[in-house]
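Asks: The structure's right below; bear with me while I get my questions together.
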Amino acid sequence: MNVVALSPFDLALAALLILALAGLSWRLRIGSERELLVSAARSSVQLVLIGFVLKLLFATAHPLWVGLLAAVMLAVAGREVMVRQKRRFVGGWGFAVGTLSMFVSSFAVTVLALLLVIGNDPWYAPQYAIPLLGMILGNTMNGISLGLDRLTQDAAEKRQVIESRLALGHDSRRAIADSRREAIRVGMIPIVNAMSAAGIVSLPGMMTGQILAGTPPVEAVKYQILVMFLIAAGTGFGTMVAVSFAARRLFDERQRLRLDRLRQPGT
Amino acid sequence: MPAPVWRRSVALLVAESQWWSAIVGDHFEDGVDADWLARLDLPAAAMAWQVARCSTGERQRLALLRTLTQAPAVLLLDEPTGNLDEENTLRVESLLADYRLQRQAALLWVSHDKRQIERVAQRHFVLDHGQLHECGRR
């Protein structure tokens, strides 16, 4: 079965919906028409560009180019994690905490899946590697953002309790253990929800895409289950690494709580 | 010396006590001497109390015991009787005096109460505009 190719006219029809929505927003003075149009235009441009990049990449399939694209994706995800933090670490750590954790978890999980589960030849074949990494990275990014945000917020709020525990001779790991546990739990909520609701509330995007492209549903389901597990592993391990790393960084070598290493919100 | 070990032996007790668990007993891992509880007019059942339902004075006395159970050699006390009535203030002073003698401990005691200073202090300093002056020695 072949995919029904979309003509520019088909896309223009869908774009009309966005225009209509923007028009209504303008008419009702909701004020989000500008944002809506800009983000719609942005996503079209970004997607067209990545379409061409992938086309080139699939044609050459050189490991260097695959690695370069993966590095760009990681850097952008790292920046996203950083800017979403209300109280991020000052200096290079703000970027490094999230980025390193995503690198460790997402890349490890993706490479593991490519080598052991999918077993394509070559293993870095971009048709598999890039979409898989993208899905895992995107979800890990959310988990890490949520987890780090919760940890730093919590540490700032419970400053006096944490300092009391330090004064009572608790080591820093123990003094921040409650906040750390809570932050990891919060980071994993979205993926746990997604797994619980999959197939009943929502048909996950990747599976929908494969079915639209003509893959038999049961094959698509198998891939979706694989991807779900990979995403859960990537998000879970990534959040644990990021939150633990950050929890360490909140204390210095004399085990003092160093909230001055965080940027104050609104500065 | 690792910081946690140091802080166990040179213990800081702040005026406003902090609690991380809902039940008082969770903060006393090694339990607490029933005699100490009695001397501060607290029942043995206090370990099962909910922190949120304790008065400020009860929390302050419990926080003192929490620090003492770690057997510190030096106590840095910031207004340790700030929220207590006269009777309980005297109880705390007497417990601390015995602790100091039994354990040969050193106490650095910050207080605004002149009569308390007369009762407990061996040496007495006043902090005035950032300058420390010695006012008395016994």
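Just remember, in the structure tokens the first chain shown is A, the second B, etc., residues are 1-based per chain, and ligands are 1-based in the order shown.
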Which residues in region 9-135 of chain B does DSSP call strand (DSSP E or B)? List them as a list in words.

Replies: Val10, Ala11, Leu12, Leu13, Ile23, Gln50, Val74, Leu75, Leu76, Leu77, Asp78, Ala106, Leu107, Leu108, Trp109, Val110, Arg123, His124, Phe125, Val126, Leu127, Asp128, Gln131, Leu132, His133, Glu134 and Cys135 of chain B

Asks: What lies within 10 Å of region 108-117 of chain B using only C-alpha atoms, ignoring chain neighbours under 4 positions off, as JSON, numbers by chain?

Replies: {"B": [12, 13, 15, 74, 75, 76, 77, 78, 79, 80, 81, 82, 89, 90, 93, 121, 122, 123, 124, 125, 126]}

Asks: Mind checking DSSP for region 7-127 of chain B and telling me the helix (DSSP H, G or I) residues as a compact mmCIF listing (two decimals) with N, CA, C and O atoms, in the first residue's frame?

Replies:
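The resulting file, selection_8.txt, is reproduced below:
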```
# COMPACT_ATOMS: atom_id res chain seq x y z
N ARG B 7 29.76 19.04 62.80
CA ARG B 7 28.52 19.68 63.22
C ARG B 7 27.81 18.88 64.32
O ARG B 7 27.00 19.43 65.06
N ARG B 8 28.10 17.58 64.38
CA ARG B 8 27.53 16.80 65.47
C ARG B 8 28.21 17.15 66.79
O ARG B 8 27.59 17.08 67.84
N SER B 9 29.48 17.49 66.69
CA SER B 9 30.19 17.72 67.94
C SER B 9 30.16 19.20 68.33
O SER B 9 30.21 19.53 69.51
N VAL B 24 6.88 13.81 65.70
CA VAL B 24 8.04 14.24 66.48
C VAL B 24 9.11 13.14 66.55
O VAL B 24 10.29 13.38 66.32
N GLY B 25 8.67 11.90 66.83
CA GLY B 25 9.61 10.80 67.04
C GLY B 25 10.51 10.51 65.85
O GLY B 25 11.62 10.01 66.01
N ASP B 26 10.04 10.85 64.62
CA ASP B 26 10.86 10.62 63.43
C ASP B 26 12.17 11.39 63.47
O ASP B 26 13.12 11.07 62.75
N HIS B 27 12.19 12.45 64.28
CA HIS B 27 13.40 13.28 64.34
C HIS B 27 14.39 12.79 65.40
O HIS B 27 15.45 13.36 65.57
N ALA B 34 14.25 9.28 78.69
CA ALA B 34 12.95 9.61 79.30
C ALA B 34 13.13 10.61 80.43
O ALA B 34 12.26 11.46 80.67
N ASP B 35 14.26 10.55 81.09
CA ASP B 35 14.55 11.47 82.19
C ASP B 35 14.66 12.92 81.68
O ASP B 35 14.14 13.85 82.30
N TRP B 36 15.32 13.08 80.54
CA TRP B 36 15.43 14.42 79.94
C TRP B 36 14.05 14.97 79.61
O TRP B 36 13.77 16.14 79.87
N LEU B 37 13.22 14.11 78.99
CA LEU B 37 11.85 14.54 78.66
C LEU B 37 11.15 15.05 79.92
O LEU B 37 10.57 16.14 79.93
N ALA B 38 11.23 14.24 80.99
CA ALA B 38 10.54 14.60 82.23
C ALA B 38 11.08 15.92 82.78
O ALA B 38 10.32 16.75 83.28
N ARG B 39 12.40 16.10 82.69
CA ARG B 39 12.97 17.33 83.25
C ARG B 39 12.51 18.58 82.52
O ARG B 39 12.54 19.68 83.07
N ALA B 44 6.44 11.03 77.98
CA ALA B 44 7.09 10.09 77.06
C ALA B 44 6.30 9.99 75.76
O ALA B 44 6.86 9.73 74.70
N ALA B 45 4.98 10.23 75.84
CA ALA B 45 4.13 10.16 74.65
C ALA B 45 4.44 11.27 73.65
O ALA B 45 3.95 11.25 72.51
N ALA B 46 5.27 12.23 74.05
CA ALA B 46 5.58 13.35 73.15
C ALA B 46 6.19 12.86 71.83
O ALA B 46 6.05 13.52 70.80
N MET B 47 6.86 11.70 71.88
CA MET B 47 7.48 11.18 70.67
C MET B 47 6.44 10.85 69.59
O MET B 47 6.76 10.81 68.40
N ALA B 48 5.20 10.58 70.02
CA ALA B 48 4.15 10.24 69.05
C ALA B 48 3.35 11.46 68.62
O ALA B 48 2.46 11.35 67.79
N VAL B 51 4.01 17.19 64.91
CA VAL B 51 4.74 18.45 65.04
C VAL B 51 3.80 19.64 64.88
O VAL B 51 3.86 20.61 65.63
N ALA B 52 2.88 19.52 63.92
CA ALA B 52 2.00 20.66 63.62
C ALA B 52 1.13 21.04 64.80
O ALA B 52 0.66 22.17 64.90
N ARG B 53 0.88 20.10 65.72
CA ARG B 53 -0.01 20.41 66.83
C ARG B 53 0.74 20.84 68.09
O ARG B 53 0.13 21.17 69.09
N THR B 56 4.76 26.45 70.11
CA THR B 56 6.12 26.90 69.81
C THR B 56 7.08 26.52 70.93
O THR B 56 8.21 26.11 70.69
N GLY B 57 6.60 26.65 72.17
CA GLY B 57 7.44 26.32 73.32
C GLY B 57 7.77 24.84 73.37
O GLY B 57 8.91 24.46 73.66
N GLU B 58 6.76 24.00 73.09
CA GLU B 58 7.02 22.55 73.07
C GLU B 58 8.04 22.20 72.01
O GLU B 58 8.97 21.42 72.23
N ARG B 59 7.90 22.84 70.84
CA ARG B 59 8.85 22.57 69.76
C ARG B 59 10.25 23.02 70.16
O ARG B 59 11.23 22.34 69.85
N GLN B 60 10.34 24.14 70.85
CA GLN B 60 11.67 24.62 71.22
C GLN B 60 12.34 23.66 72.20
O GLN B 60 13.53 23.37 72.07
N ARG B 61 11.56 23.15 73.16
CA ARG B 61 12.15 22.21 74.12
C ARG B 61 12.52 20.90 73.42
O ARG B 61 13.57 20.32 73.68
N LEU B 62 11.64 20.44 72.52
CA LEU B 62 11.95 19.20 71.79
C LEU B 62 13.19 19.37 70.92
O LEU B 62 14.02 18.47 70.81
N ALA B 63 13.32 20.55 70.30
CA ALA B 63 14.48 20.80 69.44
C ALA B 63 15.77 20.76 70.25
O ALA B 63 16.80 20.27 69.79
N LEU B 64 15.71 21.28 71.48
CA LEU B 64 16.89 21.24 72.35
C LEU B 64 17.28 19.78 72.64
O LEU B 64 18.45 19.40 72.50
N LEU B 65 16.26 18.97 72.96
CA LEU B 65 16.56 17.55 73.24
C LEU B 65 17.11 16.86 71.99
O LEU B 65 18.02 16.04 72.07
N ARG B 66 16.55 17.22 70.83
CA ARG B 66 17.02 16.62 69.58
C ARG B 66 18.50 16.88 69.40
O ARG B 66 19.26 16.00 68.98
N THR B 67 18.94 18.09 69.72
CA THR B 67 20.36 18.41 69.58
C THR B 67 21.18 17.69 70.67
O THR B 67 22.25 17.16 70.39
N LEU B 68 20.65 17.67 71.91
CA LEU B 68 21.41 17.04 73.01
C LEU B 68 21.61 15.54 72.79
O LEU B 68 22.62 14.99 73.20
N GLU B 86 8.46 31.24 82.39
CA GLU B 86 9.54 31.27 83.36
C GLU B 86 9.90 29.88 83.89
O GLU B 86 11.07 29.53 84.01
N GLU B 87 8.84 29.11 84.17
CA GLU B 87 9.05 27.78 84.74
C GLU B 87 9.89 26.91 83.80
O GLU B 87 10.88 26.29 84.20
N ASN B 88 9.50 26.90 82.53
CA ASN B 88 10.22 26.07 81.56
C ASN B 88 11.60 26.63 81.27
O ASN B 88 12.54 25.87 81.00
N THR B 89 11.73 27.94 81.34
CA THR B 89 13.06 28.55 81.17
C THR B 89 14.02 28.00 82.22
O THR B 89 15.13 27.58 81.90
N LEU B 90 13.55 27.95 83.47
CA LEU B 90 14.41 27.44 84.55
C LEU B 90 14.71 25.96 84.34
O LEU B 90 15.83 25.50 84.62
N ARG B 91 13.71 25.21 83.85
CA ARG B 91 13.95 23.78 83.59
C ARG B 91 15.05 23.59 82.56
O ARG B 91 15.95 22.77 82.72
N VAL B 92 14.98 24.38 81.48
CA VAL B 92 16.00 24.27 80.42
C VAL B 92 17.37 24.64 80.97
O VAL B 92 18.37 23.96 80.72
N GLU B 93 17.42 25.73 81.76
CA GLU B 93 18.70 26.16 82.32
C GLU B 93 19.31 25.06 83.19
O GLU B 93 20.52 24.79 83.11
N SER B 94 18.46 24.42 83.99
CA SER B 94 18.99 23.40 84.89
C SER B 94 19.47 22.17 84.11
O SER B 94 20.52 21.60 84.41
N LEU B 95 18.72 21.78 83.08
CA LEU B 95 19.15 20.64 82.27
C LEU B 95 20.48 20.93 81.59
O LEU B 95 21.40 20.11 81.58
N LEU B 96 20.59 22.15 81.03
CA LEU B 96 21.82 22.51 80.33
C LEU B 96 23.01 22.59 81.29
O LEU B 96 24.12 22.19 80.94
N ALA B 97 22.75 23.07 82.51
CA ALA B 97 23.83 23.16 83.50
C ALA B 97 24.36 21.76 83.82
O ALA B 97 25.57 21.53 83.87
N ASP B 98 23.43 20.80 84.02
CA ASP B 98 23.86 19.44 84.32
C ASP B 98 24.58 18.81 83.13
O ASP B 98 25.58 18.10 83.30
N TYR B 99 24.05 19.06 81.93
CA TYR B 99 24.70 18.52 80.73
C TYR B 99 26.14 19.03 80.63
O TYR B 99 27.07 18.28 80.37
N ARG B 100 26.29 20.33 80.89
CA ARG B 100 27.62 20.94 80.78
C ARG B 100 28.60 20.29 81.76
O ARG B 100 29.74 19.96 81.40
N LEU B 101 28.13 20.04 83.00
CA LEU B 101 29.01 19.45 84.01
C LEU B 101 29.31 18.00 83.70
O LEU B 101 30.47 17.56 83.75
N GLN B 102 28.28 17.24 83.36
CA GLN B 102 28.48 15.80 83.10
C GLN B 102 29.37 15.55 81.89
O GLN B 102 30.24 14.68 81.92
N ARG B 103 29.13 16.29 80.80
CA ARG B 103 29.88 16.02 79.56
C ARG B 103 31.09 16.92 79.40
O ARG B 103 31.74 16.89 78.37
N LYS B 114 18.68 39.68 80.94
CA LYS B 114 19.81 39.97 81.81
C LYS B 114 19.88 39.03 83.02
O LYS B 114 20.94 38.59 83.43
N ARG B 115 18.67 38.71 83.58
CA ARG B 115 18.68 37.84 84.77
C ARG B 115 19.13 36.44 84.38
O ARG B 115 19.83 35.77 85.12
N GLN B 116 18.75 36.00 83.17
CA GLN B 116 19.20 34.69 82.71
C GLN B 116 20.73 34.69 82.58
O GLN B 116 21.40 33.75 83.00
N ILE B 117 21.26 35.77 82.02
CA ILE B 117 22.72 35.85 81.85
C ILE B 117 23.40 35.72 83.21
O ILE B 117 24.39 35.01 83.36
N GLU B 118 22.84 36.44 84.21
CA GLU B 118 23.43 36.35 85.55
C GLU B 118 23.39 34.93 86.10
O GLU B 118 24.30 34.47 86.77
N ARG B 119 22.27 34.21 85.78
CA ARG B 119 22.14 32.85 86.30
C ARG B 119 23.09 31.87 85.62
O ARG B 119 23.66 31.00 86.27
N VAL B 120 23.28 31.98 84.31
CA VAL B 120 23.96 30.89 83.59
C VAL B 120 25.40 31.21 83.19
O VAL B 120 26.18 30.30 82.96
```

Asks: Taking only C-alpha atoms into account, name the residue in A:Glu219, A:Glu35, A:Glu80, A:Glu163 that is nearest to chain B.

Replies: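 The closest residue to chain B is A:Glu163.
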
Asks: What are the closest atom pairs, with distances in Å to one decimal, for each residue of chain A lying within 7 Å of chain B, using only C-alpha atoms, rows by chain and rising residue number, as a Markdown table?

Replies:
```
| residue | atom | partner | partner_atom | distance |
| --- | --- | --- | --- | --- |
| A:Gln160 | CA | B:Gln18 | CA | 6.8 |
| A:Val161 | CA | B:Gln18 | CA | 5.3 |
| A:Ser164 | CA | B:Gln18 | CA | 6.3 |
| A:Leu166 | CA | B:Pro4 | CA | 7.0 |
| A:Ala167 | CA | B:Arg7 | CA | 5.8 |
| A:Leu168 | CA | B:Arg8 | CA | 6.1 |
| A:Gly169 | CA | B:Pro4 | CA | 4.3 |
| A:His170 | CA | B:Pro4 | CA | 5.9 |
| A:Asp171 | CA | B:Pro4 | CA | 5.6 |
| A:Arg254 | CA | B:Ala3 | CA | 5.6 |
| A:Gln255 | CA | B:Ala3 | CA | 6.4 |
```

Asks: Suppose we keep N, CA, C and O atoms; can you now write the selection as a short mmCIF file (atom, residue, chain, number, x, y, z; two decimals), in the first residue's frame?

Replies:
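Okay, this is what ended up in out-v3.cif:
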```
data_model
loop_
_atom_site.label_atom_id
_atom_site.label_comp_id
_atom_site.auth_asym_id
_atom_site.auth_seq_id
_atom_site.Cartn_x
_atom_site.Cartn_y
_atom_site.Cartn_z
N GLN A 160 15.43 26.48 55.21
CA GLN A 160 15.65 26.42 56.65
C GLN A 160 15.65 24.99 57.17
O GLN A 160 16.45 24.64 58.04
N VAL A 161 14.75 24.16 56.63
CA VAL A 161 14.71 22.77 57.06
C VAL A 161 16.01 22.08 56.67
O VAL A 161 16.62 21.36 57.48
N SER A 164 18.76 23.16 58.88
CA SER A 164 18.63 22.56 60.21
C SER A 164 19.17 21.14 60.21
O SER A 164 19.83 20.71 61.16
N LEU A 166 21.39 19.90 58.24
CA LEU A 166 22.86 19.96 58.17
C LEU A 166 23.43 20.28 59.55
O LEU A 166 24.41 19.68 59.97
N ALA A 167 22.77 21.20 60.26
CA ALA A 167 23.26 21.59 61.59
C ALA A 167 23.19 20.42 62.55
O ALA A 167 23.95 20.34 63.50
N LEU A 168 22.25 19.51 62.31
CA LEU A 168 22.14 18.33 63.18
C LEU A 168 23.10 17.22 62.76
O LEU A 168 23.04 16.11 63.28
N GLY A 169 23.95 17.52 61.78
CA GLY A 169 24.96 16.55 61.40
C GLY A 169 24.55 15.58 60.31
O GLY A 169 25.24 14.60 60.07
N HIS A 170 23.40 15.85 59.66
CA HIS A 170 23.06 15.01 58.51
C HIS A 170 23.99 15.36 57.36
O HIS A 170 24.34 16.52 57.19
N ASP A 171 24.38 14.37 56.56
CA ASP A 171 25.19 14.74 55.41
C ASP A 171 24.27 15.31 54.32
O ASP A 171 23.05 15.23 54.42
N ARG A 254 32.23 21.67 51.80
CA ARG A 254 32.01 21.63 53.26
C ARG A 254 30.55 21.31 53.56
O ARG A 254 30.08 21.53 54.67
N GLN A 255 29.83 20.82 52.56
CA GLN A 255 28.43 20.43 52.70
C GLN A 255 27.57 21.56 53.24
O GLN A 255 26.79 21.39 54.17
#
```

Asks: Can you measure CA of Phe95 (chain A) to CA of Gln46 (chain A) for me? One decimal in Å is fine.

Replies: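 Taking CA of Phe95 (chain A) as the start and CA of Gln46 (chain A) as the end point, the length is 23.0 Å.
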